[in-house]
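First comes the structure, then the notes that go with it.
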Amino acid sequence: MTGKINWYKDLIVWQQAMDLAVATYSLTKAWPKEELYGLTSQIRRSAASIPANVAEGYGRDDRGSSQQFLRIAQGSLKAFETHLQIAERIGLATHDQAYQMLLATEGIGKMLRQLISKLAPE
């Protein structure tokens, strides 16, 4: 990549959020079927919402709308972290699995905050 952003897929935050979403689906495949409409659904939806809102924000014509979708992505990220910590506490995810994913969320969160601040009115 040349460093130039031509579309949302060039954003590193979108790429890492997509990786997190894919990893979430892999993690939750082995979870009990009785969790399909509970925690499995919740964590998958929050994970998928992060890159989706980054992409939607990129597609907006004004900075305010773009910022709002990035804030929604931040909220989804925090929801994801919470669902993951619940999964760890009840034994659906191991400590190592949760730790690795939480490291990824830390980096994604930093990038989201940076993008939001760059879009702030001057």
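Chain labels follow the order of the structure tokens: the first chain is A, the next B, and so on; residue numbering restarts at 1 in every chain, and ligands are counted from 1 in their shown order.
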
Problem - All residues 7 Å or closer to Ala55 in chain A, only C-alpha atoms, same chain fewer than 4 positions away omitted, as an MDAnalysis selection string - result: chainID A and resid 8 51 59

Save out the residues we just selected, C-alpha atoms, as an mmCIF file, in the first residue's frame.
```
data_model
loop_
_atom_site.group_PDB
_atom_site.id
_atom_site.type_symbol
_atom_site.label_atom_id
_atom_site.label_comp_id
_atom_site.auth_asym_id
_atom_site.auth_seq_id
_atom_site.Cartn_x
_atom_site.Cartn_y
_atom_site.Cartn_z
ATOM 1 C CA TYR A 8 -12.304 2.575 3.327
ATOM 2 C CA PRO A 51 -15.639 -2.381 10.475
ATOM 3 C CA GLY A 59 -18.784 6.975 2.850
#
```

Between range 15-36 of chain A and range 109-122 of chain A, at 12 Å or less, what are the per-residue closest atom pairs and their distances in Å? Count only C-alpha atoms, order by chain and rising residue number, and return it as CSV.
```
residue,atom,partner,partner_atom,distance
A:Gln15,CA,A:Met111,CA,11.4
A:Gln16,CA,A:Met111,CA,10.0
A:Ala17,CA,A:Gly109,CA,9.7
```

Once you have the residues from the selection above, write them out as a PDB file, in the first residue's frame, restricted to C-alpha atoms.
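Resulting contents of out-v9.pdb:
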```pdb
ATOM      1  CA  GLN A  15      -8.497  -3.956   8.057  1.00  0.00           C
ATOM      2  CA  GLN A  16      -7.757  -4.763  11.700  1.00  0.00           C
ATOM      3  CA  ALA A  17     -11.438  -4.561  12.632  1.00  0.00           C
TER       4      ALA A  17
END
```

Practice task
Record the distance separating CA of Phe69 in chain A and CA of Gly57 in chain A, expressed in Å with one decimal.
Solution key: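 Between these atoms lies a distance of 4.8 Å.
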
Handout entry: Which of range 38-96 of chain A DSSP labels helix (DSSP H, G or I), written as number ranges by chain
Key = A: 39-58, 63-89, 95-96

Practice task
Select, from A:Val54, A:Leu77, A:Ile72, A:Ala104, the residue with the minimum atom-to-atom distance to Trp7 in chain A, counting only C-alpha atoms.
Solution key: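 Among the listed residues, A:Val54 lies closest to Trp7 in chain A.
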
Exercise for the section: Compile the contact shell of Gln85 in chain A as a VMD selection string: residues with an atom at most 10 Å away, counting only C-alpha atoms, same-chain residues fewer than 6 positions apart removed. Expected result: chain A and resid 79 91 to 95 98 to 99 102

Fill in the blank from the handout: Restricting to only C-alpha atoms, whichever of A:Gln74, A:Gln67, A:Ala23, A:Ile5 is closest to Ser49 in chain A is A:Gln74

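Across the model, the gap from CA of Ser65 in chain A to CA of Phe80 in chain A is 22.6 Å.
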
Practice task
Please measure the separation of CA of Tyr58 in chain A and CA of Ser26 in chain A, giving the value in Å to one decimal.
Solution key: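 Answer for the CA of Tyr58 in chain A to CA of Ser26 in chain A separation: 27.0 Å.
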
Handout entry: For Leu39 in chain A, the nearest of the candidates A:Thr24, A:Val13, A:Glu56, A:Gly75, counting only C-alpha atoms
Key =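 For Leu39 in chain A, the nearest of the given residues is A:Thr24.
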